[in-house]
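A.B. asks: run.tsv is reproduced below (TSV, C-alpha atoms).
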chain	number	residue	atom	x	y	z
A	1	MET	CA	-39.33	-14.34	6.14
A	2	PRO	CA	-42.69	-15.39	7.69
A	3	ILE	CA	-42.57	-16.57	11.32
A	4	TYR	CA	-45.39	-19.04	10.69
A	5	GLU	CA	-43.81	-22.46	10.24
A	6	LYS	CA	-46.48	-24.73	8.81
A	7	HIS	CA	-44.14	-27.74	8.73
A	8	ALA	CA	-43.67	-27.85	12.53
A	9	THR	CA	-45.10	-30.83	14.44
A	10	PRO	CA	-48.90	-30.48	14.72
A	11	ILE	CA	-50.27	-30.43	18.28
A	12	ILE	CA	-53.92	-30.12	17.29
A	13	GLU	CA	-55.41	-31.81	14.21
A	14	VAL	CA	-58.94	-31.21	12.96
A	15	HIS	CA	-60.48	-33.42	10.25
A	16	ASN	CA	-63.78	-32.84	8.43
A	17	LEU	CA	-65.13	-30.87	11.40
A	18	GLY	CA	-68.71	-29.67	11.24
A	19	PHE	CA	-71.18	-28.08	13.64
A	20	ASP	CA	-74.94	-27.62	13.28
A	21	TYR	CA	-76.95	-25.79	15.95
A	22	GLY	CA	-80.12	-27.14	14.34
A	23	ALA	CA	-80.72	-24.21	12.00
A	24	GLY	CA	-78.02	-25.13	9.48
A	25	TRP	CA	-74.28	-25.73	9.41
A	26	ILE	CA	-72.07	-23.14	11.13
A	27	PHE	CA	-69.21	-24.74	9.24
A	28	HIS	CA	-68.73	-28.08	7.52
A	29	LYS	CA	-65.76	-30.26	6.49
A	30	LEU	CA	-63.24	-28.00	8.21
A	31	ASN	CA	-59.64	-29.29	8.19
A	32	LEU	CA	-56.90	-27.68	10.23
A	33	GLU	CA	-53.54	-28.28	11.90
A	34	ILE	CA	-52.03	-26.19	14.70
A	35	PRO	CA	-48.24	-26.69	14.80
A	36	GLU	CA	-46.25	-26.64	18.02
A	37	GLY	CA	-45.15	-23.12	18.96
A	38	ASP	CA	-47.71	-21.36	16.78
A	39	PHE	CA	-49.73	-18.34	17.88
A	40	ALA	CA	-52.79	-18.46	15.64
A	41	ALA	CA	-55.39	-15.69	15.51
A	42	VAL	CA	-58.83	-16.99	14.47
A	43	ILE	CA	-60.64	-14.27	12.52
A	44	GLY	CA	-63.82	-14.02	10.48
A	45	ALA	CA	-67.33	-12.60	10.29
A	46	ASN	CA	-69.79	-12.67	13.17
A	47	GLY	CA	-71.53	-16.04	13.14
A	48	ALA	CA	-68.77	-17.66	11.04
A	49	GLY	CA	-67.97	-20.16	13.81
A	50	LYS	CA	-64.89	-18.74	15.55
A	51	SER	CA	-66.10	-19.14	19.15
A	52	THR	CA	-67.72	-22.46	18.25
A	53	LEU	CA	-64.36	-23.76	17.03
A	54	ILE	CA	-62.57	-22.66	20.22
A	55	LYS	CA	-65.25	-24.29	22.40
A	56	MET	CA	-64.83	-27.55	20.49
A	57	LEU	CA	-61.04	-27.39	20.83
A	58	ALA	CA	-61.55	-26.85	24.59
A	59	HIS	CA	-63.86	-29.91	24.68
A	60	VAL	CA	-66.73	-27.72	25.93
A	61	ILE	CA	-69.08	-28.75	23.12
A	62	PRO	CA	-68.83	-31.80	20.82
A	63	PRO	CA	-68.68	-31.50	17.02
A	64	THR	CA	-71.66	-32.61	14.95
A	65	THR	CA	-69.29	-34.34	12.54
A	66	GLY	CA	-65.56	-34.88	12.23
A	67	THR	CA	-62.71	-35.36	14.70
A	68	ILE	CA	-60.28	-33.38	16.84
A	69	SER	CA	-56.97	-34.83	18.05
A	70	TYR	CA	-54.42	-33.62	20.60
A	71	TYR	CA	-50.90	-34.99	20.31
A	72	GLY	CA	-52.18	-37.74	18.02
A	73	LYS	CA	-54.99	-38.86	20.37
A	74	PRO	CA	-58.71	-38.36	19.66
A	75	ILE	CA	-60.05	-35.65	21.97
A	76	GLU	CA	-62.41	-38.15	23.63
A	77	GLN	CA	-59.39	-40.23	24.70
A	78	PHE	CA	-57.07	-37.33	25.53
A	79	GLU	CA	-56.48	-37.20	29.30
A	80	GLN	CA	-53.73	-34.62	29.76
A	81	TRP	CA	-56.02	-31.62	30.17
A	82	ASP	CA	-53.44	-30.01	32.47
A	83	TRP	CA	-51.63	-29.33	29.20
A	84	VAL	CA	-54.49	-27.17	27.90
A	85	GLY	CA	-55.49	-23.78	29.33
A	86	TYR	CA	-58.77	-22.14	28.28
A	87	VAL	CA	-60.14	-18.62	28.81
A	88	PRO	CA	-63.74	-18.26	27.56
A	89	GLN	CA	-65.31	-15.01	26.40
A	90	ASN	CA	-66.12	-12.54	29.23
A	91	PRO	CA	-65.32	-14.99	32.08
A	92	ALA	CA	-65.66	-12.28	34.76
A	93	LYS	CA	-69.41	-11.95	34.10
A	94	GLN	CA	-69.97	-15.30	35.79
A	95	GLN	CA	-68.27	-14.11	38.98
A	96	GLN	CA	-69.06	-10.39	38.97
A	97	GLY	CA	-71.18	-10.43	42.13
A	98	PHE	CA	-69.58	-13.44	43.77
A	99	PRO	CA	-67.31	-12.61	46.75
A	100	ILE	CA	-64.22	-14.41	45.46
A	101	SER	CA	-60.72	-12.96	45.61
A	102	VAL	CA	-58.08	-12.78	42.89
A	103	GLU	CA	-55.99	-15.42	44.67
A	104	GLU	CA	-58.98	-17.77	44.94
A	105	VAL	CA	-59.79	-17.42	41.24
A	106	VAL	CA	-56.20	-18.23	40.23
A	107	LYS	CA	-56.11	-21.15	42.65
A	108	LEU	CA	-59.13	-22.68	40.88
A	109	GLY	CA	-56.82	-23.34	37.94
A	110	LEU	CA	-54.93	-25.88	40.06
A	111	LEU	CA	-57.98	-28.02	40.82
A	112	LYS	CA	-57.92	-31.49	39.32
A	113	PRO	CA	-60.98	-32.55	37.27
A	114	ASN	CA	-63.82	-33.90	39.46
A	115	LYS	CA	-61.93	-32.97	42.65
A	116	LEU	CA	-63.47	-29.86	44.18
A	117	TRP	CA	-61.76	-30.46	47.52
A	118	GLN	CA	-58.06	-31.14	47.58
A	119	ARG	CA	-54.97	-30.16	49.51
A	120	PHE	CA	-52.43	-27.81	48.04
A	121	GLY	CA	-48.86	-28.80	48.72
A	122	VAL	CA	-45.61	-26.89	48.37
A	123	ALA	CA	-45.49	-27.37	44.57
A	124	GLU	CA	-49.01	-25.98	44.11
A	125	LYS	CA	-48.27	-22.98	46.35
A	126	GLN	CA	-45.12	-22.24	44.36
A	127	LYS	CA	-47.09	-22.34	41.09
A	128	LEU	CA	-49.71	-20.01	42.57
A	129	GLU	CA	-47.09	-17.47	43.68
A	130	ALA	CA	-45.32	-17.67	40.33
A	131	ALA	CA	-48.57	-17.02	38.42
A	132	LEU	CA	-49.50	-14.08	40.64
A	133	GLU	CA	-46.05	-12.58	40.11
A	134	THR	CA	-45.91	-13.23	36.35
A	135	PHE	CA	-49.26	-11.52	35.77
A	136	ASP	CA	-48.53	-8.65	38.19
A	137	LEU	CA	-51.28	-9.66	40.64
A	138	LEU	CA	-49.40	-9.87	43.94
A	139	GLU	CA	-50.77	-6.55	45.19
A	140	LEU	CA	-54.28	-7.47	44.01
A	141	ARG	CA	-54.38	-10.98	45.44
A	142	ASN	CA	-56.93	-10.16	48.17
A	143	ARG	CA	-59.13	-7.90	46.04
A	144	ARG	CA	-62.56	-9.14	44.95
A	145	ILE	CA	-62.62	-10.06	41.25
A	146	GLY	CA	-65.71	-7.92	40.60
A	147	ASP	CA	-63.94	-4.78	41.85
A	148	LEU	CA	-61.18	-4.93	39.24
A	149	SER	CA	-60.92	-3.18	35.89
A	150	GLY	CA	-61.44	-5.14	32.67
A	151	GLY	CA	-57.71	-5.35	32.01
A	152	GLN	CA	-56.98	-6.54	35.54
A	153	GLN	CA	-59.70	-9.18	35.29
A	154	GLN	CA	-58.23	-10.52	32.07
A	155	ARG	CA	-54.83	-10.87	33.76
A	156	VAL	CA	-56.52	-12.84	36.56
A	157	PHE	CA	-58.17	-15.29	34.18
A	158	LEU	CA	-55.00	-15.67	32.16
A	159	ALA	CA	-53.18	-16.45	35.41
A	160	ARG	CA	-55.85	-19.05	36.24
A	161	ALA	CA	-55.36	-20.69	32.83
A	162	MET	CA	-51.55	-20.55	33.07
A	163	VAL	CA	-51.05	-21.55	36.73
A	164	LYS	CA	-50.95	-25.24	35.80
A	165	GLU	CA	-48.22	-24.45	33.22
A	166	PRO	CA	-50.06	-25.69	30.10
A	167	LYS	CA	-48.52	-26.35	26.70
A	168	VAL	CA	-51.55	-25.00	24.81
A	169	LEU	CA	-53.64	-21.88	25.53
A	170	LEU	CA	-57.09	-21.33	23.98
A	171	LEU	CA	-58.52	-17.80	24.16
A	172	ASP	CA	-61.93	-16.49	23.05
A	173	GLU	CA	-61.65	-12.74	22.34
A	174	PRO	CA	-59.48	-11.90	25.36
A	175	ALA	CA	-59.31	-8.17	24.52
A	176	THR	CA	-63.08	-7.60	24.65
A	177	GLY	CA	-64.17	-4.83	27.03
A	178	ILE	CA	-60.74	-3.47	27.97
A	179	ASP	CA	-59.20	-0.10	27.12
A	180	PRO	CA	-56.59	0.38	24.35
A	181	ALA	CA	-53.58	0.57	26.71
A	182	ALA	CA	-54.69	-2.61	28.51
A	183	LYS	CA	-55.14	-4.35	25.14
A	184	ILE	CA	-51.55	-3.60	24.12
A	185	ALA	CA	-50.27	-4.78	27.52
A	186	LEU	CA	-52.35	-7.96	27.16
A	187	TYR	CA	-50.92	-8.74	23.73
A	188	ASP	CA	-47.39	-8.08	24.98
A	189	MET	CA	-48.04	-10.60	27.73
A	190	LEU	CA	-49.42	-13.17	25.27
A	191	ARG	CA	-46.38	-12.67	23.02
A	192	TYR	CA	-44.14	-13.38	26.02
A	193	ILE	CA	-46.10	-16.53	26.89
A	194	ASN	CA	-45.78	-17.80	23.32
A	195	ARG	CA	-42.15	-16.85	22.61
A	196	LYS	CA	-40.50	-17.23	26.02
A	197	GLN	CA	-42.60	-19.94	27.67
A	198	ASN	CA	-43.10	-21.87	24.40
A	199	VAL	CA	-46.87	-22.11	24.80
A	200	THR	CA	-48.89	-22.74	21.64
A	201	ILE	CA	-51.78	-20.26	21.47
A	202	VAL	CA	-55.05	-20.28	19.51
A	203	MET	CA	-56.98	-17.03	19.96
A	204	VAL	CA	-60.25	-15.69	18.56
A	205	SER	CA	-59.80	-12.01	17.69
A	206	HIS	CA	-61.98	-9.28	16.19
A	207	ASP	CA	-59.01	-6.98	15.66
A	208	LEU	CA	-56.56	-8.35	13.12
A	209	ASP	CA	-54.39	-5.21	13.22
A	210	LEU	CA	-53.96	-5.59	16.98
A	211	ALA	CA	-53.42	-9.34	16.73
A	212	THR	CA	-50.34	-8.76	14.55
A	213	LEU	CA	-48.59	-7.41	17.68
A	214	ALA	CA	-48.34	-10.97	19.00
A	215	ALA	CA	-49.75	-13.64	16.68
A	216	LYS	CA	-47.67	-15.51	14.11
A	217	SER	CA	-50.41	-16.89	11.89
A	218	ALA	CA	-54.07	-16.37	11.01
A	219	ILE	CA	-56.99	-18.70	10.45
A	220	CYS	CA	-59.79	-16.93	8.60
A	221	ILE	CA	-63.14	-18.71	8.93
A	222	ASN	CA	-66.11	-17.93	6.71
A	223	HIS	CA	-68.22	-21.09	7.20
A	224	GLY	CA	-65.04	-22.89	6.22
A	225	ILE	CA	-61.38	-21.86	6.12
A	226	CYS	CA	-60.80	-19.03	3.62
A	227	PHE	CA	-57.17	-18.41	4.64
A	228	ARG	CA	-54.48	-20.16	6.66
A	229	GLY	CA	-50.98	-18.72	6.86
A	230	ASP	CA	-48.74	-15.90	8.02
A	231	ILE	CA	-50.67	-13.17	9.86
A	232	HIS	CA	-49.03	-10.33	7.93
A	233	GLU	CA	-50.21	-11.91	4.67
A	234	ALA	CA	-53.69	-12.13	6.17
A	235	LEU	CA	-53.52	-8.43	7.04
A	236	LYS	CA	-52.70	-7.58	3.40
A	237	HIS	CA	-55.73	-9.58	2.20
A	238	HIS	CA	-57.93	-7.93	4.82
A	239	HIS	CA	-56.91	-4.38	3.90
A	240	SER	CA	-57.32	-5.15	0.20
A	241	GLY	CA	-60.94	-6.07	0.87
A	242	GLN	CA	-60.66	-9.71	-0.19
A	243	GLN	CA	-63.94	-11.57	0.24
A	244	GLY	CA	-64.10	-13.42	3.56
A	245	PHE	CA	-61.83	-10.92	5.31
A	246	ILE	CA	-64.57	-8.31	5.82
A	247	TYR	CA	-65.66	-9.13	9.32
A	248	LYS	CA	-66.23	-5.90	11.24
Could you render the structure as structure tokens?

C.D. replies:
Amino acid sequence: MPIYEKHATPIIEVHNLGFDYGAGWIFHKLNLEIPEGDFAAVIGANGAGKSTLIKMLAHVIPPTTGTISYYGKPIEQFEQWDWVGYVPQNPAKQQQGFPISVEEVVKLGLLKPNKLWQRFGVAEKQKLEAALETFDLLELRNRRIGDLSGGQQQRVFLARAMVKEPKVLLLDEPATGIDPAAKIALYDMLRYINRKQNVTIVMVSHDLDLATLAAKSAICINHGICFRGDIHEALKHHHSGQQGFIYK
């Protein structure tokens, strides 16, 4: 029986979404629901709009047309951004040469919007310690972020996204640039976050085979949605060479 339960309560709803960089539509009239508890892998060809979709869900860029809603509220009116964690593609590049420690990076996840200076009380310190422990970073807490391996850096940025205990986690190709063993460990961690902490996850992935280790469903984008359903069904279509699933 598929684990993907399309009839669960939708957390994210997308209606007639479109995005145009100015050289033509990346995608147009895209409709999508992300149910509570899902772990959806977003797959598709390069340039099909996967990262663009994640950035719009994270409210980083606005859509050209259409609407996005969180918990029934239009994204422009949604205020509970503590409920949403976001890890962009290659986040460590922005801080590679900056002398910031692992603990300081994770602590940034506790900052309130538009409040760069704030006091951290007992509750915030407890959340920080819990995140460092969960992501196996206690011994690395004083290390500079740029001195870590790719897998260690990804754990740091996941900890930063999860330290505020969000209900939704958005990830843009989190396994990029890390070795095979670290990738498997990362997906095991994401599976734990989804199944045990009940966090809904939407993740862009270039490796559908690897994504099946953790994800429940797949969203295949080819300038529009060409598949939405159980990830193991998506894998069958991909290996059979169905049009739209050839994305390497």

A.B. asks: Please identify all polymer residues within 7 Å of segment 193-199 of chain A, counting only C-alpha atoms, omitting same-chain residues fewer than 5 positions from it, and present them as a ChimeraX atom specification.

C.D. replies: /A:37,39,167-169

A.B. asks: Any idea what's packed within 12 Å of Ile221 of chain A, counting all atoms listed in the file, ignoring anything in its chain fewer than 3 positions away? Could you give it as a count of residues only?

C.D. replies: 35

A.B. asks: Around the point (-76.3, -32.3, 11.7) (coordinates from the file), which residues reach within 12 Å if we count all atoms listed in the file? Answer as a ChimeraX atom specification.

C.D. replies: /A:17-29,62-66

A.B. asks: Take the residues that were just selected and, keeping C-alpha atoms, output them as a PDB file, in the coordinates of the input.

C.D. replies:
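That gives us out_30.pdb:
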ATOM      1  CA  LEU A  17     -65.130 -30.870  11.400  1.00  0.00           C
ATOM      2  CA  GLY A  18     -68.710 -29.670  11.240  1.00  0.00           C
ATOM      3  CA  PHE A  19     -71.180 -28.080  13.640  1.00  0.00           C
ATOM      4  CA  ASP A  20     -74.940 -27.620  13.280  1.00  0.00           C
ATOM      5  CA  TYR A  21     -76.950 -25.790  15.950  1.00  0.00           C
ATOM      6  CA  GLY A  22     -80.120 -27.140  14.340  1.00  0.00           C
ATOM      7  CA  ALA A  23     -80.720 -24.210  12.000  1.00  0.00           C
ATOM      8  CA  GLY A  24     -78.020 -25.130   9.480  1.00  0.00           C
ATOM      9  CA  TRP A  25     -74.280 -25.730   9.410  1.00  0.00           C
ATOM     10  CA  ILE A  26     -72.070 -23.140  11.130  1.00  0.00           C
ATOM     11  CA  PHE A  27     -69.210 -24.740   9.240  1.00  0.00           C
ATOM     12  CA  HIS A  28     -68.730 -28.080   7.520  1.00  0.00           C
ATOM     13  CA  LYS A  29     -65.760 -30.260   6.490  1.00  0.00           C
ATOM     14  CA  PRO A  62     -68.830 -31.800  20.820  1.00  0.00           C
ATOM     15  CA  PRO A  63     -68.680 -31.500  17.020  1.00  0.00           C
ATOM     16  CA  THR A  64     -71.660 -32.610  14.950  1.00  0.00           C
ATOM     17  CA  THR A  65     -69.290 -34.340  12.540  1.00  0.00           C
ATOM     18  CA  GLY A  66     -65.560 -34.880  12.230  1.00  0.00           C
TER      19      GLY A  66
END

A.B. asks: So the first atom is atom CA of Ala181 of chain A and the second is atom CA of Leu208 of chain A; what is the distance between them in Å, to one decimal place?

C.D. replies: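 Computing it gives 16.5 Å between the two atoms.
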
A.B. asks: Rank A:Asp188, A:Met162, A:Pro74, A:Gly109 by their smallest atom-to-atom distance to Thr200 of chain A, using all atoms listed in the file, and report the top residue only.

C.D. replies: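 Nearest to Thr200 of chain A: A:Met162.
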
A.B. asks: Please tell me which residues are no farther than 10 Å from (-50.1, -13.9, 6.8) in the file, counting all atoms listed in the file, and write them as a PDB file with C-alpha atoms, in the frame of the given file.

C.D. replies:
ATOM      1  CA  PRO A   2     -42.690 -15.390   7.690  1.00  0.00           C
ATOM      2  CA  ILE A   3     -42.570 -16.570  11.320  1.00  0.00           C
ATOM      3  CA  TYR A   4     -45.390 -19.040  10.690  1.00  0.00           C
ATOM      4  CA  THR A 212     -50.340  -8.760  14.550  1.00  0.00           C
ATOM      5  CA  ALA A 215     -49.750 -13.640  16.680  1.00  0.00           C
ATOM      6  CA  LYS A 216     -47.670 -15.510  14.110  1.00  0.00           C
ATOM      7  CA  SER A 217     -50.410 -16.890  11.890  1.00  0.00           C
ATOM      8  CA  ALA A 218     -54.070 -16.370  11.010  1.00  0.00           C
ATOM      9  CA  ILE A 219     -56.990 -18.700  10.450  1.00  0.00           C
ATOM     10  CA  PHE A 227     -57.170 -18.410   4.640  1.00  0.00           C
ATOM     11  CA  ARG A 228     -54.480 -20.160   6.660  1.00  0.00           C
ATOM     12  CA  GLY A 229     -50.980 -18.720   6.860  1.00  0.00           C
ATOM     13  CA  ASP A 230     -48.740 -15.900   8.020  1.00  0.00           C
ATOM     14  CA  ILE A 231     -50.670 -13.170   9.860  1.00  0.00           C
ATOM     15  CA  HIS A 232     -49.030 -10.330   7.930  1.00  0.00           C
ATOM     16  CA  GLU A 233     -50.210 -11.910   4.670  1.00  0.00           C
ATOM     17  CA  ALA A 234     -53.690 -12.130   6.170  1.00  0.00           C
ATOM     18  CA  LEU A 235     -53.520  -8.430   7.040  1.00  0.00           C
ATOM     19  CA  LYS A 236     -52.700  -7.580   3.400  1.00  0.00           C
ATOM     20  CA  HIS A 237     -55.730  -9.580   2.200  1.00  0.00           C
TER      21      HIS A 237
END

A.B. asks: Could you produce a table of the residues of segment 138-206 of chain A lying within 12 Å of segment 119-133 of chain A, with the nearest pair of atoms per residue and their separation in Å rounded to one decimal, using only C-alpha atoms, ordered by chain and increasing residue number, as JSON lines?

C.D. replies:
{"residue": "A:Leu138", "atom": "CA", "partner": "A:Leu132", "partner_atom": "CA", "distance": 5.4}
{"residue": "A:Glu139", "atom": "CA", "partner": "A:Leu132", "partner_atom": "CA", "distance": 8.9}
{"residue": "A:Leu140", "atom": "CA", "partner": "A:Leu132", "partner_atom": "CA", "distance": 8.8}
{"residue": "A:Arg141", "atom": "CA", "partner": "A:Leu132", "partner_atom": "CA", "distance": 7.5}
{"residue": "A:Asn142", "atom": "CA", "partner": "A:Leu132", "partner_atom": "CA", "distance": 11.3}
{"residue": "A:Gln152", "atom": "CA", "partner": "A:Leu132", "partner_atom": "CA", "distance": 11.8}
{"residue": "A:Arg155", "atom": "CA", "partner": "A:Leu132", "partner_atom": "CA", "distance": 9.3}
{"residue": "A:Val156", "atom": "CA", "partner": "A:Leu132", "partner_atom": "CA", "distance": 8.2}
{"residue": "A:Phe157", "atom": "CA", "partner": "A:Ala131", "partner_atom": "CA", "distance": 10.6}
{"residue": "A:Leu158", "atom": "CA", "partner": "A:Ala131", "partner_atom": "CA", "distance": 9.1}
{"residue": "A:Ala159", "atom": "CA", "partner": "A:Ala131", "partner_atom": "CA", "distance": 5.5}
{"residue": "A:Arg160", "atom": "CA", "partner": "A:Ala131", "partner_atom": "CA", "distance": 7.9}
{"residue": "A:Ala161", "atom": "CA", "partner": "A:Ala131", "partner_atom": "CA", "distance": 9.5}
{"residue": "A:Met162", "atom": "CA", "partner": "A:Ala131", "partner_atom": "CA", "distance": 7.1}
{"residue": "A:Val163", "atom": "CA", "partner": "A:Ala131", "partner_atom": "CA", "distance": 5.4}
{"residue": "A:Lys164", "atom": "CA", "partner": "A:Lys127", "partner_atom": "CA", "distance": 7.2}
{"residue": "A:Glu165", "atom": "CA", "partner": "A:Lys127", "partner_atom": "CA", "distance": 8.2}
{"residue": "A:Pro166", "atom": "CA", "partner": "A:Lys127", "partner_atom": "CA", "distance": 11.9}
{"residue": "A:Ile193", "atom": "CA", "partner": "A:Ala131", "partner_atom": "CA", "distance": 11.8}

A.B. asks: Give me a file of those residues, with C-alpha atoms, as a PDB file, keeping the file's coordinate frame.

C.D. replies:
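Saved result, selection.pdb, follows:
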ATOM      1  CA  LEU A 138     -49.400  -9.870  43.940  1.00  0.00           C
ATOM      2  CA  GLU A 139     -50.770  -6.550  45.190  1.00  0.00           C
ATOM      3  CA  LEU A 140     -54.280  -7.470  44.010  1.00  0.00           C
ATOM      4  CA  ARG A 141     -54.380 -10.980  45.440  1.00  0.00           C
ATOM      5  CA  ASN A 142     -56.930 -10.160  48.170  1.00  0.00           C
ATOM      6  CA  GLN A 152     -56.980  -6.540  35.540  1.00  0.00           C
ATOM      7  CA  ARG A 155     -54.830 -10.870  33.760  1.00  0.00           C
ATOM      8  CA  VAL A 156     -56.520 -12.840  36.560  1.00  0.00           C
ATOM      9  CA  PHE A 157     -58.170 -15.290  34.180  1.00  0.00           C
ATOM     10  CA  LEU A 158     -55.000 -15.670  32.160  1.00  0.00           C
ATOM     11  CA  ALA A 159     -53.180 -16.450  35.410  1.00  0.00           C
ATOM     12  CA  ARG A 160     -55.850 -19.050  36.240  1.00  0.00           C
ATOM     13  CA  ALA A 161     -55.360 -20.690  32.830  1.00  0.00           C
ATOM     14  CA  MET A 162     -51.550 -20.550  33.070  1.00  0.00           C
ATOM     15  CA  VAL A 163     -51.050 -21.550  36.730  1.00  0.00           C
ATOM     16  CA  LYS A 164     -50.950 -25.240  35.800  1.00  0.00           C
ATOM     17  CA  GLU A 165     -48.220 -24.450  33.220  1.00  0.00           C
ATOM     18  CA  PRO A 166     -50.060 -25.690  30.100  1.00  0.00           C
ATOM     19  CA  ILE A 193     -46.100 -16.530  26.890  1.00  0.00           C
TER      20      ILE A 193
END

A.B. asks: In Å to one decimal, how far is atom CA of Ile11 of chain A from atom CA of Tyr70 of chain A?

C.D. replies: 5.7 Å

A.B. asks: Between atom CA of Leu108 of chain A and atom CA of Leu148 of chain A, what is the distance, to one decimal in Å?

C.D. replies: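 Between atom CA of Leu108 of chain A and atom CA of Leu148 of chain A the gap is 17.9 Å.
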
A.B. asks: Write out as a list in words which residues come within 10 Å of Arg143 of chain A when counting all atoms listed in the file, dropping same-chain ones fewer than 3 positions away.

C.D. replies: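 Here the answer would be Pro99, Ile100, Ser101, Val102, Glu103, Glu104, Leu137, Glu139, Leu140, Gly146, Asp147 and Leu148 of chain A.
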
A.B. asks: Which of these, A:Ile201, A:Pro10, A:Lys112, A:His59, has the shortest distance to Gln77 of chain A once you count all atoms listed in the file?

C.D. replies: A:His59
